[in-house]
Every structure is written in structure tokens, then in C-alpha cells.
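Asks: My questions will all concern the structure given below.
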Amino acid sequence: MTDLATLNHLDRADFVALLGGVFEHAAWVAEGAFPARPFASVADLHAAMMGVVRGASTEERRAFLNGHPELAGPEARARSMTADSASEQGSAALDRMPQADADAFDRLNAAYREKFGFPLIVAVRGRDRAEILRIFGARVLRDPAEEEATAVEEIALITRMRLDRLIS
């Protein structure tokens, strides 16, 4: 863990090296938040980082959303997810489930991506497979603008948990 005072004194390269992985495959978020230092709290740091995401162009935000792995998807099976994503999906037992559940996730992942053009993003820590499947089923019925906004809010939940584990 790094304390906030140390974080506030890091140079740009070290700041990005420390925080670049908090947002999935998006070190540009940490890069964009760097000028907002010093941060009075982890909440302020997180707000600055989320401001970078929300301020991104539509194309940047869409690419960002597509940088996230599918739930129990091909990246999980190939064990090619980031350590954070693997841990989070593992906490919900998405890395060890019966074939019927795996098949349900595959069908829902395909339907969701077909409709929205990016993977379902949900903060899975603290949730079980049944709850995640219910969330999946409900969210695939939404309108695209509402669903993109929800995906960004879920990223806010995920990344705040990651920052809380990283910064004291």
C-alpha cells in the first residue's frame, strides 16, 4: 500500500506506474488525473480519475469499455485477464462453475455485446453467480445510453474498491 502523502509527491511516471492499472488497460486515466494533485483523500483521487473517464470522447469511452473482459468469458478461460479482474471474477466463483452456468454466461455475453457493442461491466465482488445472472438478464433489456451510463457507474464501484486496496 502507498499512503496518500507519498502518492501526492510522486512524479508523473511513478504516479502512472502505480495507478495505471486501476482502470482496466487505461493508464491514460491516471495520466489525465495527475495534474489534479494534491489529493486530500482517496475519494478526491477517485473523483479526478472518474472525471477523466467521463470527459473522454465517445470513441475513447467506447474503446475503454471494450478493454474490459467479459464475465466468465474467453479471457477468463484463457487466464489472460489482469490480476485484478481475475481476483474479482474469482471472488464470485466465475472461474469455477458448472457447464450449464458457463453456457448461460456465454449466451448472455453474446447477446449483450450484440446489443451494446461492449461487454457487460458489473462490480462482481460480494455478489454470487445467481445475482450476477439476474443482473445480466435485466441489463440486456435496457436502452443503450442508459446501459453505457450504468457501465461507467459500475466501473466507478470497481475502481474505488481497487484504489481502497492500493492507497492508505
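Naming works like this for the C-alpha cells: A, B, ... for the chains as they're shown, residue 1 at the start of each chain, ligands 1 onward in shown order.
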Quick one: everything within 12 Å of Leu65 in chain A, counting only C-alpha atoms, minus sequence neighbours fewer than 4 positions away in the same chain. Send it as a PyMOL selection string.
Replies: chain A and resi 23-26+53-54+56+58-61+69-70+113+116-122+147-155
Asks: Go ahead and save the residues from that selection, with N, CA, C and O atoms, as a short mmCIF file (atom, residue, chain, number, x, y, z; two decimals), in the first residue's frame.
Replies:
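This is the output file result.cif:
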```cif
data_model
loop_
_atom_site.label_atom_id
_atom_site.label_comp_id
_atom_site.auth_asym_id
_atom_site.auth_seq_id
_atom_site.Cartn_x
_atom_site.Cartn_y
_atom_site.Cartn_z
N PHE A 23 -7.70 1.37 -13.64
CA PHE A 23 -8.74 1.36 -14.68
C PHE A 23 -8.23 0.42 -15.77
O PHE A 23 -7.16 0.63 -16.33
N GLU A 24 -9.00 -0.60 -16.05
CA GLU A 24 -8.62 -1.70 -16.93
C GLU A 24 -8.00 -1.24 -18.25
O GLU A 24 -8.66 -0.61 -19.06
N HIS A 25 -6.72 -1.57 -18.43
CA HIS A 25 -6.00 -1.27 -19.67
C HIS A 25 -6.12 0.21 -20.06
O HIS A 25 -6.26 0.54 -21.23
N ALA A 26 -6.08 1.09 -19.08
CA ALA A 26 -6.32 2.51 -19.36
C ALA A 26 -5.43 3.40 -18.49
O ALA A 26 -5.92 4.19 -17.67
N VAL A 53 -12.47 9.82 -17.14
CA VAL A 53 -13.28 8.86 -17.91
C VAL A 53 -14.52 9.55 -18.47
O VAL A 53 -14.83 9.43 -19.66
N ARG A 54 -15.22 10.28 -17.62
CA ARG A 54 -16.46 10.93 -18.07
C ARG A 54 -16.20 12.03 -19.10
O ARG A 54 -17.05 12.33 -19.92
N ALA A 56 -13.91 11.84 -21.41
CA ALA A 56 -13.36 11.26 -22.64
C ALA A 56 -14.38 11.38 -23.78
O ALA A 56 -15.59 11.45 -23.55
N THR A 58 -16.61 10.15 -26.98
CA THR A 58 -17.45 8.96 -27.15
C THR A 58 -16.62 7.79 -27.65
O THR A 58 -16.76 6.66 -27.16
N GLU A 59 -15.73 8.05 -28.59
CA GLU A 59 -14.90 6.98 -29.16
C GLU A 59 -13.92 6.44 -28.11
O GLU A 59 -13.72 5.22 -28.01
N GLU A 60 -13.30 7.34 -27.33
CA GLU A 60 -12.38 6.90 -26.28
C GLU A 60 -13.11 6.08 -25.22
O GLU A 60 -12.61 5.05 -24.77
N ARG A 61 -14.29 6.54 -24.83
CA ARG A 61 -15.05 5.83 -23.80
C ARG A 61 -15.47 4.46 -24.31
O ARG A 61 -15.42 3.47 -23.58
N PRO A 69 -12.85 -7.25 -19.73
CA PRO A 69 -13.13 -8.64 -20.13
C PRO A 69 -14.60 -8.99 -19.93
O PRO A 69 -15.29 -8.39 -19.08
N GLU A 70 -15.08 -9.95 -20.70
CA GLU A 70 -16.41 -10.48 -20.48
C GLU A 70 -16.42 -11.26 -19.18
O GLU A 70 -15.40 -11.83 -18.78
N ARG A 113 -23.21 -8.13 -25.94
CA ARG A 113 -22.25 -7.47 -26.85
C ARG A 113 -22.92 -7.14 -28.18
O ARG A 113 -22.67 -6.09 -28.76
N PHE A 116 -25.11 -3.94 -27.35
CA PHE A 116 -24.46 -2.72 -26.87
C PHE A 116 -23.09 -2.44 -27.47
O PHE A 116 -22.62 -1.31 -27.40
N GLY A 117 -22.44 -3.45 -28.00
CA GLY A 117 -21.13 -3.24 -28.61
C GLY A 117 -19.97 -3.20 -27.63
O GLY A 117 -18.86 -2.85 -27.99
N PHE A 118 -20.21 -3.57 -26.38
CA PHE A 118 -19.16 -3.69 -25.37
C PHE A 118 -19.62 -4.74 -24.35
O PHE A 118 -20.79 -5.11 -24.32
N PRO A 119 -18.68 -5.26 -23.55
CA PRO A 119 -19.07 -6.31 -22.60
C PRO A 119 -19.83 -5.76 -21.40
O PRO A 119 -19.67 -4.59 -21.04
N LEU A 120 -20.63 -6.60 -20.79
CA LEU A 120 -21.30 -6.23 -19.54
C LEU A 120 -20.22 -5.94 -18.50
O LEU A 120 -19.30 -6.73 -18.33
N ILE A 121 -20.35 -4.83 -17.83
CA ILE A 121 -19.42 -4.47 -16.76
C ILE A 121 -20.24 -4.34 -15.49
O ILE A 121 -21.18 -3.55 -15.42
N VAL A 122 -19.86 -5.15 -14.51
CA VAL A 122 -20.56 -5.14 -13.22
C VAL A 122 -19.54 -5.40 -12.12
O VAL A 122 -18.62 -6.19 -12.30
N GLU A 147 -27.55 2.02 -20.54
CA GLU A 147 -26.63 0.94 -20.21
C GLU A 147 -25.18 1.42 -20.21
O GLU A 147 -24.40 1.01 -19.36
N GLU A 148 -24.81 2.29 -21.12
CA GLU A 148 -23.44 2.83 -21.09
C GLU A 148 -23.20 3.62 -19.81
O GLU A 148 -22.14 3.48 -19.18
N ALA A 149 -24.17 4.41 -19.39
CA ALA A 149 -24.04 5.16 -18.14
C ALA A 149 -23.92 4.21 -16.95
O ALA A 149 -23.11 4.44 -16.03
N THR A 150 -24.67 3.13 -16.96
CA THR A 150 -24.59 2.14 -15.88
C THR A 150 -23.22 1.47 -15.88
O THR A 150 -22.64 1.25 -14.81
N ALA A 151 -22.70 1.16 -17.05
CA ALA A 151 -21.37 0.54 -17.13
C ALA A 151 -20.31 1.45 -16.51
O ALA A 151 -19.44 0.99 -15.76
N VAL A 152 -20.40 2.74 -16.78
CA VAL A 152 -19.44 3.70 -16.20
C VAL A 152 -19.60 3.75 -14.68
O VAL A 152 -18.60 3.81 -13.95
N GLU A 153 -20.83 3.71 -14.19
CA GLU A 153 -21.04 3.71 -12.74
C GLU A 153 -20.51 2.43 -12.09
O GLU A 153 -19.97 2.47 -10.98
N GLU A 154 -20.65 1.31 -12.77
CA GLU A 154 -20.09 0.06 -12.25
C GLU A 154 -18.56 0.14 -12.23
O GLU A 154 -17.92 -0.34 -11.29
N ILE A 155 -17.98 0.76 -13.24
CA ILE A 155 -16.52 0.96 -13.25
C ILE A 155 -16.12 1.82 -12.06
O ILE A 155 -15.09 1.57 -11.42
#
```
Asks: List the neighbours of Gly20 in chain A out to 9 Å using only C-alpha atoms; skip same-chain residues closer than 5 positions along the sequence, and give me the result as a ChimeraX atom specification.
Replies: /A:15,25-31
Asks: Just want the 9 Å neighbourhood of Asn109 in chain A, counted on only C-alpha atoms, with same-chain residues fewer than 2 positions away dropped. Output as a ChimeraX atom specification.
Replies: /A:70-73,104-107,111-114,119-120,136
Asks: Since we have the selection now, will you write its residues out, keeping all heavy atoms, as a CSV table (one decimal), in the first residue's frame?
Replies:
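Below is the file result_37.csv, written as the result:
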```
chain,number,residue,atom,x,y,z
A,70,GLU,N,-15.1,-9.9,-20.7
A,70,GLU,CA,-16.4,-10.5,-20.5
A,70,GLU,C,-16.4,-11.3,-19.2
A,70,GLU,O,-15.4,-11.8,-18.8
A,70,GLU,CB,-16.8,-11.4,-21.6
A,70,GLU,CG,-17.1,-10.6,-22.9
A,70,GLU,CD,-17.5,-11.5,-24.1
A,70,GLU,OE1,-17.4,-12.8,-24.0
A,70,GLU,OE2,-18.0,-11.0,-25.1
A,71,LEU,N,-17.6,-11.3,-18.5
A,71,LEU,CA,-17.7,-12.1,-17.3
A,71,LEU,C,-17.7,-13.6,-17.7
A,71,LEU,O,-18.4,-14.0,-18.5
A,71,LEU,CB,-19.0,-11.8,-16.6
A,71,LEU,CG,-19.1,-10.3,-16.1
A,71,LEU,CD1,-20.5,-10.1,-15.4
A,71,LEU,CD2,-18.0,-10.1,-15.0
A,72,ALA,N,-16.7,-14.3,-17.1
A,72,ALA,CA,-16.5,-15.7,-17.3
A,72,ALA,C,-16.4,-16.0,-18.8
A,72,ALA,O,-16.8,-17.1,-19.3
A,72,ALA,CB,-17.7,-16.5,-16.8
A,73,GLY,N,-15.8,-15.1,-19.5
A,73,GLY,CA,-15.6,-15.2,-21.0
A,73,GLY,C,-14.3,-15.8,-21.4
A,73,GLY,O,-13.6,-16.4,-20.6
A,104,ALA,N,-24.7,-20.4,-20.0
A,104,ALA,CA,-25.6,-19.2,-19.8
A,104,ALA,C,-24.8,-17.9,-19.9
A,104,ALA,O,-25.3,-17.0,-20.5
A,104,ALA,CB,-26.3,-19.3,-18.4
A,105,PHE,N,-23.7,-17.9,-19.3
A,105,PHE,CA,-22.8,-16.7,-19.4
A,105,PHE,C,-22.4,-16.4,-20.8
A,105,PHE,O,-22.4,-15.3,-21.3
A,105,PHE,CB,-21.6,-16.8,-18.5
A,105,PHE,CG,-21.8,-16.3,-17.1
A,105,PHE,CD1,-22.3,-17.1,-16.1
A,105,PHE,CD2,-21.6,-14.9,-16.8
A,105,PHE,CE1,-22.5,-16.6,-14.8
A,105,PHE,CE2,-21.8,-14.4,-15.5
A,105,PHE,CZ,-22.3,-15.3,-14.5
A,106,ASP,N,-22.1,-17.5,-21.5
A,106,ASP,CA,-21.7,-17.3,-23.0
A,106,ASP,C,-22.8,-16.8,-23.8
A,106,ASP,O,-22.6,-15.8,-24.6
A,106,ASP,CB,-21.2,-18.7,-23.6
A,106,ASP,CG,-19.8,-19.1,-23.1
A,106,ASP,OD1,-19.1,-18.2,-22.5
A,106,ASP,OD2,-19.5,-20.3,-23.3
A,107,ARG,N,-24.0,-17.3,-23.6
A,107,ARG,CA,-25.2,-16.8,-24.3
A,107,ARG,C,-25.5,-15.3,-24.0
A,107,ARG,O,-25.7,-14.5,-24.9
A,107,ARG,CB,-26.5,-17.6,-24.0
A,107,ARG,CG,-26.5,-18.9,-24.7
A,107,ARG,CD,-27.9,-19.6,-24.5
A,107,ARG,NE,-28.3,-19.8,-23.2
A,107,ARG,CZ,-27.9,-20.8,-22.4
A,107,ARG,NH1,-27.1,-21.7,-22.8
A,107,ARG,NH2,-28.3,-20.9,-21.1
A,111,ALA,N,-25.3,-12.0,-26.4
A,111,ALA,CA,-26.5,-11.1,-26.6
A,111,ALA,C,-26.2,-9.7,-26.2
A,111,ALA,O,-26.6,-8.7,-26.9
A,111,ALA,CB,-27.7,-11.7,-25.8
A,112,TYR,N,-25.5,-9.5,-25.1
A,112,TYR,CA,-25.2,-8.2,-24.6
A,112,TYR,C,-24.3,-7.5,-25.5
A,112,TYR,O,-24.5,-6.3,-25.9
A,112,TYR,CB,-24.6,-8.3,-23.2
A,112,TYR,CG,-24.4,-7.0,-22.5
A,112,TYR,CD1,-25.3,-6.5,-21.6
A,112,TYR,CD2,-23.2,-6.2,-22.7
A,112,TYR,CE1,-25.1,-5.3,-21.0
A,112,TYR,CE2,-23.0,-5.0,-22.1
A,112,TYR,CZ,-24.0,-4.5,-21.3
A,112,TYR,OH,-23.8,-3.3,-20.7
A,113,ARG,N,-23.2,-8.1,-25.9
A,113,ARG,CA,-22.3,-7.5,-26.8
A,113,ARG,C,-22.9,-7.1,-28.2
A,113,ARG,O,-22.7,-6.1,-28.8
A,113,ARG,CB,-21.0,-8.3,-27.1
A,113,ARG,CG,-19.9,-7.6,-27.8
A,113,ARG,CD,-18.7,-8.4,-28.0
A,113,ARG,NE,-17.9,-8.5,-26.8
A,113,ARG,CZ,-17.0,-7.5,-26.4
A,113,ARG,NH1,-16.9,-6.4,-27.0
A,113,ARG,NH2,-16.3,-7.7,-25.3
A,114,GLU,N,-23.8,-8.0,-28.7
A,114,GLU,CA,-24.5,-7.8,-29.9
A,114,GLU,C,-25.3,-6.5,-29.8
A,114,GLU,O,-25.4,-5.7,-30.7
A,114,GLU,CB,-25.4,-9.0,-30.2
A,114,GLU,CG,-26.4,-8.7,-31.3
A,114,GLU,CD,-25.8,-8.9,-32.7
A,114,GLU,OE1,-24.7,-9.5,-32.8
A,114,GLU,OE2,-26.4,-8.4,-33.7
A,119,PRO,N,-18.7,-5.3,-23.5
A,119,PRO,CA,-19.1,-6.3,-22.6
A,119,PRO,C,-19.8,-5.8,-21.4
A,119,PRO,O,-19.7,-4.6,-21.0
A,119,PRO,CB,-17.7,-6.9,-22.2
A,119,PRO,CG,-16.8,-5.8,-22.3
A,119,PRO,CD,-17.2,-5.0,-23.5
A,120,LEU,N,-20.6,-6.6,-20.8
A,120,LEU,CA,-21.3,-6.2,-19.5
A,120,LEU,C,-20.2,-5.9,-18.5
A,120,LEU,O,-19.3,-6.7,-18.3
A,120,LEU,CB,-22.2,-7.4,-19.0
A,120,LEU,CG,-22.8,-7.1,-17.7
A,120,LEU,CD1,-24.0,-6.2,-17.8
A,120,LEU,CD2,-23.2,-8.4,-17.0
A,136,PHE,N,-27.4,-9.5,-15.3
A,136,PHE,CA,-27.2,-9.7,-16.7
A,136,PHE,C,-28.5,-9.7,-17.4
A,136,PHE,O,-28.7,-8.9,-18.4
A,136,PHE,CB,-26.5,-11.0,-16.9
A,136,PHE,CG,-25.3,-11.0,-17.9
A,136,PHE,CD1,-24.2,-11.8,-17.6
A,136,PHE,CD2,-25.3,-10.3,-19.0
A,136,PHE,CE1,-23.2,-11.8,-18.4
A,136,PHE,CE2,-24.3,-10.3,-19.9
A,136,PHE,CZ,-23.2,-11.1,-19.6
```
Asks: Taking 4 positions as the minimum chain separation for residues in the same chain, which residues sit within 12 Å of Met97 in chain A when counting only C-alpha atoms? Answer as a list in words.
Replies: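 With the cut-off at 12 Å, the set is Ala72, Arg77, Gln89, Gly90, Ala92, Ala93, Asp101, Ala102, Asp103, Ala104, Phe105, Asp128, Arg129 and Ala130 of chain A.
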Asks: Can you list, as a list of chain:residue names, every protein, DNA or RNA residue that comes within 7 Å of His46 in chain A when you count only C-alpha atoms, leaving out same-chain residues fewer than 4 positions away?
Replies: A:Val42, A:Met50, A:Arg160
Asks: How many Å lie between CA of Asp95 in chain A and CA of Gly67 in chain A, rounded to one decimal?
Replies: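 Taking CA of Asp95 in chain A as the start and CA of Gly67 in chain A as the end point, the length is 19.3 Å.
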Asks: Have a look at A:Ala48, A:Ala63, A:Ala138, A:Ala40 and name the one nearest to Asp3 in chain A; count only C-alpha atoms.
Replies: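 Nearest to Asp3 in chain A: A:Ala40.
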Asks: For CA of Gly55 in chain A and CA of Ala156 in chain A, quote the distance in Å rounded to one decimal.
Replies: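 It comes out at 13.9 Å.
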